[in-house]
$ cat input-v8.txt   # compact mmCIF, C-alpha atoms
# COMPACT_ATOMS: atom_id res chain seq x y z
CA MET A 1 -27.37 21.09 -36.85
CA LEU A 2 -25.22 18.29 -35.41
CA LYS A 3 -23.08 20.84 -33.53
CA SER A 4 -26.16 22.40 -31.94
CA ALA A 5 -27.41 19.00 -30.85
CA LEU A 6 -24.09 18.18 -29.21
CA ILE A 7 -24.05 21.47 -27.30
CA LEU A 8 -27.56 20.85 -26.07
CA CYS A 9 -26.64 17.31 -25.02
CA TRP A 10 -23.70 18.45 -22.90
CA SER A 11 -25.65 21.26 -21.31
CA CYS A 12 -28.19 18.75 -20.01
CA CYS A 13 -25.60 16.56 -18.27
CA THR A 14 -25.73 16.18 -14.48
CA LEU A 15 -22.98 17.35 -12.14
CA PHE A 16 -21.26 13.97 -12.52
CA CYS A 17 -21.02 13.91 -16.33
CA PHE A 18 -18.54 16.18 -18.08
CA SER A 19 -17.20 16.90 -21.56
CA GLN A 20 -14.00 15.26 -22.76
CA LYS A 21 -12.13 18.60 -23.10
CA LYS A 22 -8.69 18.55 -21.51
CA LYS A 23 -8.39 20.40 -18.23
CA ASN A 24 -5.34 22.51 -17.70
CA SER A 25 -6.29 25.94 -16.39
CA LYS A 26 -6.52 26.93 -12.72
CA SER A 27 -10.30 27.10 -13.00
CA ASP A 28 -10.39 23.57 -14.44
CA VAL A 29 -8.22 22.25 -11.59
CA GLN A 30 -10.44 24.03 -9.07
CA GLN A 31 -13.48 22.40 -10.64
CA GLU A 32 -11.82 19.00 -10.23
CA VAL A 33 -11.02 19.79 -6.60
CA ASN A 34 -14.62 20.84 -5.94
CA GLN A 35 -15.94 17.65 -7.48
CA ILE A 36 -13.51 15.48 -5.49
CA ASP A 37 -14.53 17.30 -2.30
CA LYS A 38 -18.24 16.71 -3.00
CA LEU A 39 -17.50 13.06 -3.72
CA ILE A 40 -15.62 12.46 -0.46
CA LYS A 41 -18.14 14.44 1.59
CA SER A 42 -20.95 12.37 0.10
CA ALA A 43 -19.12 9.14 0.96
CA TYR A 44 -18.48 10.38 4.50
CA GLU A 45 -22.08 11.53 5.03
CA ALA A 46 -23.32 8.17 3.74
CA GLY A 47 -21.19 6.45 6.41
CA GLU A 48 -18.86 4.93 3.79
CA PHE A 49 -15.61 6.68 4.64
CA ASN A 50 -13.74 7.84 7.74
CA GLY A 51 -10.16 8.86 7.13
CA ASN A 52 -7.69 10.98 5.18
CA VAL A 53 -7.45 11.67 1.46
CA LEU A 54 -4.66 13.06 -0.72
CA VAL A 55 -4.67 13.57 -4.48
CA SER A 56 -1.55 14.65 -6.38
CA LYS A 57 -1.46 15.67 -10.04
CA ASN A 58 1.55 16.79 -12.05
CA ASP A 59 3.74 16.58 -8.93
CA LYS A 60 1.47 18.92 -6.95
CA ILE A 61 -1.00 18.11 -4.18
CA ILE A 62 -4.33 19.38 -5.49
CA TYR A 63 -6.53 17.96 -2.74
CA LYS A 64 -6.07 16.85 0.85
CA ALA A 65 -8.69 16.45 3.53
CA SER A 66 -9.64 14.62 6.72
CA PHE A 67 -13.11 13.26 7.41
CA GLY A 68 -14.30 11.74 10.66
CA PHE A 69 -12.68 10.64 13.87
CA ALA A 70 -9.35 9.37 15.15
CA ASP A 71 -10.75 6.69 17.47
CA ALA A 72 -13.85 4.81 18.58
CA SER A 73 -14.89 7.50 21.07
CA LYS A 74 -15.63 9.80 18.13
CA THR A 75 -14.54 12.81 20.14
CA ILE A 76 -11.23 13.49 18.39
CA GLN A 77 -11.38 14.84 14.85
CA LEU A 78 -8.86 13.50 12.36
CA THR A 79 -6.25 15.86 10.91
CA ASP A 80 -3.75 15.34 8.12
CA GLN A 81 -1.06 14.70 10.76
CA TYR A 82 -2.65 11.39 11.82
CA ARG A 83 -0.92 8.13 10.98
CA PHE A 84 -2.81 5.07 9.77
CA HIS A 85 -1.82 1.42 9.52
CA LEU A 86 -0.98 0.56 5.90
CA GLY A 87 -1.81 -3.14 6.12
CA SER A 88 -0.21 -5.02 3.22
CA ILE A 89 1.27 -1.90 1.64
CA THR A 90 3.93 -2.20 4.36
CA LYS A 91 5.23 -5.27 2.50
CA GLU A 92 6.78 -2.97 -0.07
CA PHE A 93 9.42 -1.88 2.46
CA SER A 94 10.87 -5.35 3.07
CA ALA A 95 10.77 -6.05 -0.66
CA ALA A 96 12.60 -2.82 -1.51
CA ALA A 97 15.13 -3.49 1.26
CA LEU A 98 15.99 -6.87 -0.27
CA LEU A 99 16.55 -5.28 -3.68
CA GLN A 100 18.74 -2.61 -2.09
CA LEU A 101 20.85 -5.39 -0.61
CA GLU A 102 20.99 -7.17 -3.97
CA GLU A 103 22.24 -3.97 -5.61
CA GLN A 104 24.98 -3.89 -2.96
CA GLY A 105 26.01 -7.44 -3.85
CA LYS A 106 24.94 -8.88 -0.50
CA LEU A 107 22.45 -11.35 -1.94
CA LYS A 108 20.98 -12.73 -5.14
CA LEU A 109 17.26 -13.28 -5.69
CA SER A 110 18.13 -16.85 -6.67
CA ASP A 111 19.75 -17.47 -3.27
CA PRO A 112 18.00 -20.09 -1.13
CA VAL A 113 16.63 -19.06 2.24
CA SER A 114 18.98 -21.59 3.86
CA LYS A 115 21.97 -19.48 2.84
CA PHE A 116 20.95 -16.89 5.42
CA ILE A 117 18.95 -18.95 7.93
CA PRO A 118 20.61 -22.40 7.85
CA GLU A 119 18.82 -23.71 10.94
CA LEU A 120 15.49 -24.04 9.12
CA ASN A 121 14.40 -27.46 7.85
CA ASP A 122 15.35 -28.88 4.45
CA TRP A 123 12.66 -26.96 2.55
CA ALA A 124 14.75 -23.80 3.04
CA HIS A 125 17.22 -25.18 0.45
CA GLU A 126 14.44 -25.08 -2.17
CA VAL A 127 12.83 -21.70 -1.41
CA THR A 128 14.54 -18.68 -2.93
CA ILE A 129 14.29 -15.01 -2.06
CA ARG A 130 12.46 -14.49 -5.36
CA ASN A 131 9.85 -17.00 -4.18
CA LEU A 132 9.35 -14.94 -1.01
CA LEU A 133 8.87 -11.77 -3.07
CA GLN A 134 6.31 -13.39 -5.37
CA TYR A 135 4.51 -15.50 -2.72
CA THR A 136 5.41 -18.72 -4.50
CA SER A 137 7.41 -20.32 -1.67
CA GLY A 138 4.85 -22.92 -0.63
CA ILE A 139 5.54 -22.18 3.04
CA PRO A 140 2.37 -22.60 5.13
CA ASN A 141 1.02 -19.49 6.82
CA VAL A 142 1.96 -18.83 10.43
CA ASN A 143 -0.48 -20.08 13.07
CA TRP A 144 -1.82 -16.78 14.35
CA LYS A 145 -3.51 -18.44 17.33
CA SER A 146 -0.10 -19.19 18.83
CA ILE A 147 1.66 -15.96 17.85
CA LYS A 148 2.44 -13.27 20.41
CA ASN A 149 5.74 -11.82 19.17
CA ASP A 150 8.55 -12.15 16.60
CA LYS A 151 10.13 -15.07 18.46
CA ASP A 152 6.89 -17.06 18.18
CA ILE A 153 6.84 -16.44 14.43
CA PHE A 154 10.42 -17.64 14.02
CA ASN A 155 9.80 -20.71 16.19
CA GLY A 156 6.73 -21.48 14.09
CA LEU A 157 8.81 -21.37 10.92
CA MET A 158 11.34 -23.68 12.56
CA LEU A 159 8.54 -26.23 13.06
CA VAL A 160 7.55 -26.27 9.38
CA ASP A 161 8.65 -29.67 8.06
CA GLN A 162 7.18 -29.60 4.56
CA LEU A 163 5.90 -27.14 1.98
CA SER A 164 2.37 -26.86 0.66
CA PHE A 165 3.64 -27.03 -2.93
CA LYS A 166 6.90 -27.03 -4.88
CA PRO A 167 8.44 -23.51 -4.84
CA GLY A 168 7.58 -21.58 -7.98
CA ALA A 169 4.80 -23.99 -8.98
CA ASP A 170 1.89 -22.21 -7.31
CA TYR A 171 0.89 -19.07 -5.43
CA ASP A 172 -0.17 -18.47 -1.83
CA TYR A 173 -0.36 -14.93 -0.51
CA ASN A 174 0.56 -15.33 3.14
CA ASN A 175 2.67 -13.62 5.77
CA SER A 176 5.26 -16.38 6.20
CA ASN A 177 6.88 -14.94 3.06
CA LEU A 178 6.89 -11.47 4.61
CA PHE A 179 8.38 -12.49 7.95
CA LEU A 180 11.13 -14.52 6.30
CA ARG A 181 12.03 -11.50 4.17
CA GLN A 182 12.42 -9.46 7.35
CA PHE A 183 14.45 -12.15 9.14
CA ILE A 184 16.81 -12.43 6.16
CA ILE A 185 17.37 -8.67 6.12
CA GLU A 186 18.24 -8.83 9.82
CA ARG A 187 20.71 -11.69 9.27
CA ILE A 188 22.47 -9.88 6.41
CA THR A 189 22.65 -6.43 8.00
CA GLY A 190 23.01 -7.39 11.65
CA VAL A 191 20.38 -4.84 12.71
CA PRO A 192 16.68 -5.21 13.52
CA PHE A 193 14.48 -4.88 10.45
CA LYS A 194 12.67 -1.89 11.97
CA ASN A 195 15.99 -0.06 12.41
CA TYR A 196 17.07 -0.86 8.86
CA VAL A 197 13.89 0.62 7.38
CA GLU A 198 14.12 3.72 9.54
CA LYS A 199 17.77 4.34 8.60
CA PHE A 200 17.82 3.39 4.92
CA ILE A 201 14.27 4.15 3.78
CA PHE A 202 12.35 6.51 6.07
CA GLN A 203 15.19 8.90 6.92
CA PRO A 204 16.68 9.30 3.40
CA LEU A 205 13.21 9.99 1.99
CA ALA A 206 12.29 12.41 4.82
CA MET A 207 9.37 10.17 5.79
CA ASN A 208 9.57 11.74 9.23
CA SER A 209 6.04 10.83 10.32
CA SER A 210 6.34 7.11 9.51
CA LEU A 211 6.48 4.53 12.30
CA MET A 212 7.06 0.80 12.23
CA THR A 213 5.69 -1.59 14.83
CA PRO A 214 6.15 -2.30 17.63
CA LEU A 215 5.18 1.24 18.63
CA ASP A 216 6.05 3.21 21.71
CA SER A 217 3.70 5.86 23.08
CA GLU A 218 3.32 7.94 19.94
CA LYS A 219 1.06 10.88 19.22
CA ASN A 220 -1.26 11.25 16.23
CA VAL A 221 -1.73 7.52 15.69
CA ALA A 222 -5.26 6.71 14.59
CA GLN A 223 -7.11 3.83 16.25
CA GLY A 224 -9.11 1.34 14.23
CA PHE A 225 -12.77 0.85 15.11
CA ASN A 226 -15.78 -0.91 13.62
CA ASN A 227 -19.23 0.36 12.71
CA GLN A 228 -20.46 -0.30 16.23
CA SER A 229 -17.71 1.99 17.54
CA VAL A 230 -15.81 -0.94 19.06
CA PRO A 231 -12.05 -0.32 18.98
CA ASP A 232 -9.61 -2.82 17.48
CA ARG A 233 -7.74 -4.99 19.95
CA ALA A 234 -4.30 -3.86 21.04
CA GLU A 235 -1.68 -4.72 18.43
CA LEU A 236 0.76 -7.53 19.12
CA PRO A 237 4.44 -6.48 19.46
CA ILE A 238 5.33 -7.87 16.05
CA THR A 239 7.81 -6.12 13.76
CA GLY A 240 6.86 -4.77 10.37
CA GLY A 241 3.50 -3.01 10.45
CA THR A 242 3.73 0.59 9.26
CA TYR A 243 1.75 3.62 10.38
CA THR A 244 2.10 6.71 8.22
CA THR A 245 0.45 9.84 6.89
CA THR A 246 -0.85 10.54 3.42
CA PHE A 247 2.09 12.93 2.92
CA ASP A 248 4.72 10.32 3.76
CA LEU A 249 3.07 7.71 1.58
CA LEU A 250 3.17 10.19 -1.29
CA LYS A 251 6.91 10.66 -0.66
CA TRP A 252 7.36 6.90 -0.78
CA ALA A 253 5.49 6.50 -4.05
CA GLY A 254 7.27 9.39 -5.72
CA SER A 255 10.70 8.20 -4.61
CA LEU A 256 10.03 4.57 -5.55
CA HIS A 257 8.82 5.53 -9.02
CA SER A 258 11.77 7.84 -9.71
CA ASP A 259 14.60 5.37 -8.88
CA LYS A 260 15.47 7.00 -5.55
CA VAL A 261 14.85 3.76 -3.60
CA VAL A 262 16.02 1.11 -6.06
CA SER A 263 17.04 1.10 -9.72
CA LYS A 264 14.61 0.74 -12.64
CA ASN A 265 15.69 -2.88 -13.11
CA SER A 266 15.09 -3.62 -9.44
CA LEU A 267 11.69 -1.92 -9.56
CA TYR A 268 10.77 -4.11 -12.52
CA GLU A 269 11.83 -7.17 -10.53
CA LEU A 270 9.63 -6.09 -7.63
CA GLY A 271 6.66 -5.84 -9.96
CA GLN A 272 6.88 -9.43 -11.22
CA ARG A 273 4.20 -11.87 -10.08
CA PHE A 274 3.03 -15.45 -10.51
CA ASN A 275 1.10 -15.85 -13.74
CA ILE A 276 -2.45 -16.41 -12.51
CA THR A 277 -5.40 -14.05 -12.27
CA ASP A 278 -5.40 -11.77 -9.21
CA SER A 279 -1.94 -12.75 -7.99
CA GLN A 280 0.08 -9.95 -6.40
CA SER A 281 3.65 -8.88 -6.77
CA ALA A 282 5.74 -7.35 -4.01
CA LEU A 283 4.26 -4.02 -5.17
CA GLY A 284 0.69 -5.27 -5.24
CA SER A 285 -0.43 -4.57 -8.81
CA ALA A 286 2.22 -3.09 -11.08
CA LYS A 287 1.86 -2.61 -14.84
CA PHE A 288 4.94 -2.25 -17.03
CA GLU A 289 5.60 -1.51 -20.69
CA ASN A 290 9.07 -2.35 -21.97
CA LYS A 291 10.13 -2.69 -18.33
CA LYS A 292 8.97 0.86 -17.60
CA LEU A 293 6.42 1.26 -14.81
CA LYS A 294 3.09 2.62 -16.02
CA GLU A 295 0.75 2.04 -13.10
CA HIS A 296 1.10 1.03 -9.46
CA SER A 297 -1.78 0.09 -7.18
CA HIS A 298 -1.58 -1.49 -3.73
CA ASP A 299 -4.16 -1.88 -1.00
CA GLY A 300 -3.92 -3.10 2.57
CA ARG A 301 -6.02 -3.94 5.58
CA ALA A 302 -5.23 -4.48 9.27
CA GLY A 303 -8.17 -4.84 11.62
CA ASN A 304 -10.46 -1.94 10.71
CA PHE A 305 -7.67 -0.01 9.00
CA GLU A 306 -7.74 0.03 5.22
CA ALA A 307 -5.37 1.78 2.86
CA LEU A 308 -5.06 2.33 -0.88
CA LEU A 309 -2.21 3.75 -2.95
CA TYR A 310 -2.84 4.31 -6.65
CA SER A 311 -0.41 5.93 -9.09
CA ASP A 312 -0.74 6.46 -12.83
CA ILE A 313 2.82 7.28 -13.76
CA GLU A 314 2.01 8.54 -17.28
CA THR A 315 -0.66 11.05 -16.18
CA LYS A 316 1.28 11.88 -13.00
CA VAL A 317 -1.71 11.16 -10.77
CA THR A 318 -1.45 9.64 -7.29
CA ILE A 319 -4.46 8.94 -5.10
CA ILE A 320 -4.03 7.98 -1.45
CA LEU A 321 -6.86 6.90 0.84
CA LEU A 322 -6.26 5.94 4.47
CA SER A 323 -9.08 4.88 6.78
CA ASN A 324 -9.44 3.55 10.33
CA ASN A 325 -13.06 2.42 9.93
CA TYR A 326 -13.42 -0.37 7.38
CA HIS A 327 -16.15 -0.15 4.74
CA GLY A 328 -14.49 -1.74 1.72
CA LYS A 329 -15.16 1.27 -0.52
CA LEU A 330 -11.66 2.61 -1.15
CA PHE A 331 -11.37 1.18 -4.66
CA GLU A 332 -14.72 2.69 -5.64
CA ILE A 333 -13.73 6.08 -4.23
CA SER A 334 -10.36 5.95 -5.98
CA GLU A 335 -11.98 5.02 -9.29
CA ALA A 336 -14.42 7.92 -8.94
CA ILE A 337 -11.58 10.37 -8.21
CA ASN A 338 -9.67 9.07 -11.21
CA ALA A 339 -12.76 9.49 -13.39
CA ILE A 340 -13.09 13.11 -12.26
CA LEU A 341 -9.48 13.76 -13.23
CA LYS A 342 -10.09 12.14 -16.61
CA ASN A 343 -13.28 14.13 -17.18
CA GLU A 344 -15.38 10.97 -17.22
CA LYS A 345 -18.63 9.86 -15.61
CA PHE A 346 -18.40 8.53 -12.07
CA LYS A 347 -20.55 7.13 -9.32
CA ILE A 348 -20.68 8.02 -5.66
CA PRO A 349 -20.15 4.83 -3.57
CA GLN A 350 -23.37 3.60 -2.00
CA LYS A 351 -24.04 1.22 0.87
$ encode --input "input-v8.txt" --output "structure tokens"
Amino acid sequence: MLKSALILCWSCCTLFCFSQKKKNSKSDVQQEVNQIDKLIKSAYEAGEFNGNVLVSKNDKIIYKASFGFADASKTIQLTDQYRFHLGSITKEFSAAALLQLEEQGKLKLSDPVSKFIPELNDWAHEVTIRNLLQYTSGIPNVNWKSIKNDKDIFNGLMLVDQLSFKPGADYDYNNSNLFLRQFIIERITGVPFKNYVEKFIFQPLAMNSSLMTPLDSEKNVAQGFNNQSVPDRAELPITGGTYTTTFDLLKWAGSLHSDKVVSKNSLYELGQRFNITDSQSALGSAKFENKKLKEHSHDGRAGNFEALLYSDIETKVTIILLSNNYHGKLFEISEAINAILKNEKFKIPQK
């Protein structure tokens, strides 16, 4: 009697409620793909998503799609070859570069900033590279109103005469930490940060579609625009912003998680953060068990660009969402996709 009741219960479920049976067959995977497609189409039709999607499971891409337009004119359809600004996800590249240099014996995370940039004021003797990675330096944020290029950023850091708090005692997620990381890499290697990333990260990982600002005249670069179809302002010629495809970001995640970028110990170091709620590590949010990475999630925003990378290492699931029309729904969409893959209930994001 109980068995019959259960069968009847499941048969009455809606499209978005499924049994807990494991999915392994081709038909099961196709069902997941169909549900993901309906989900993204619904979000797009509701005006909640414009961009590219990629879902990988068990080291295979099971879903990829483009929805919407490449720029504010809404005359050019997006394709999977378009590159989107990653926002804060780009911070992973400078962090990984520093750990590569540590593995080569060219620095220690306990080294003070002054060791590499001695012309900064006295606070640089107190701030370590580890502080820069964990956003615990206490360095005030750059004054964006006066910034036009890299030189302005460096000159602004030269004018800093005191810290906001003692290094390591508090947390402030700001870009001064990021720019100092890049400047230190340039001092150690003797090459521009952009060139370092291209040579030692993008090229070895075959991230052939990835670009770092400042950009030249490049094709297939999406333009950010708002809900009134107003394009984002032209980007300042500042080093470090990354434009990439869903495919290249998947290469990055897979390589990072499999010790092809830095060692397991270095990856663990990158995932450490200040011990308060909602603080971020150099990897965004990274969950470890016995120093082994279990989950990696990082989001970013730049103008109307928004990006989300989510990887569950144990279930071998990676979800990538890149958009050039901000709606703030990427986490909800990612959670819904993950629920589909776990055979759980999910909700379609609403306005």
$ closest_residue --input "input-v8.txt" --among "A:Ser176, A:Asn208, A:Ser66, A:Gln104" --to "Ser263 in chain A" --atoms "all atoms listed in the file"
A:Gln104
$ residues_around --input "input-v8.txt" --residues "Val230 in chain A" --least-positions-apart "2" --cutoff "12 Å" --atoms "only C-alpha atoms" --output "NGL selection string"
:A and (71-74 or 223-228 or 232-233 or 303-304 or 324-326)
$ residues_around --input "input-v8.txt" --residues "Gly138 in chain A" --least-positions-apart "4" --cutoff "8 Å" --atoms "all atoms listed in the file" --output "MDAnalysis selection string"
chainID A and resid 163:168 170:172
$ atom_distance --input "input-v8.txt" --atom1 "CA of Arg273 in chain A" --atom2 "CA of Leu322 in chain A"
25.3 Å
$ atom_distance --input "input-v8.txt" --atom1 "CA of Glu295 in chain A" --atom2 "CA of Ala96 in chain A"
17.3 Å
$ atom_distance --input "input-v8.txt" --atom1 "CA of Ala95 in chain A" --atom2 "CA of Trp123 in chain A"
21.2 Å
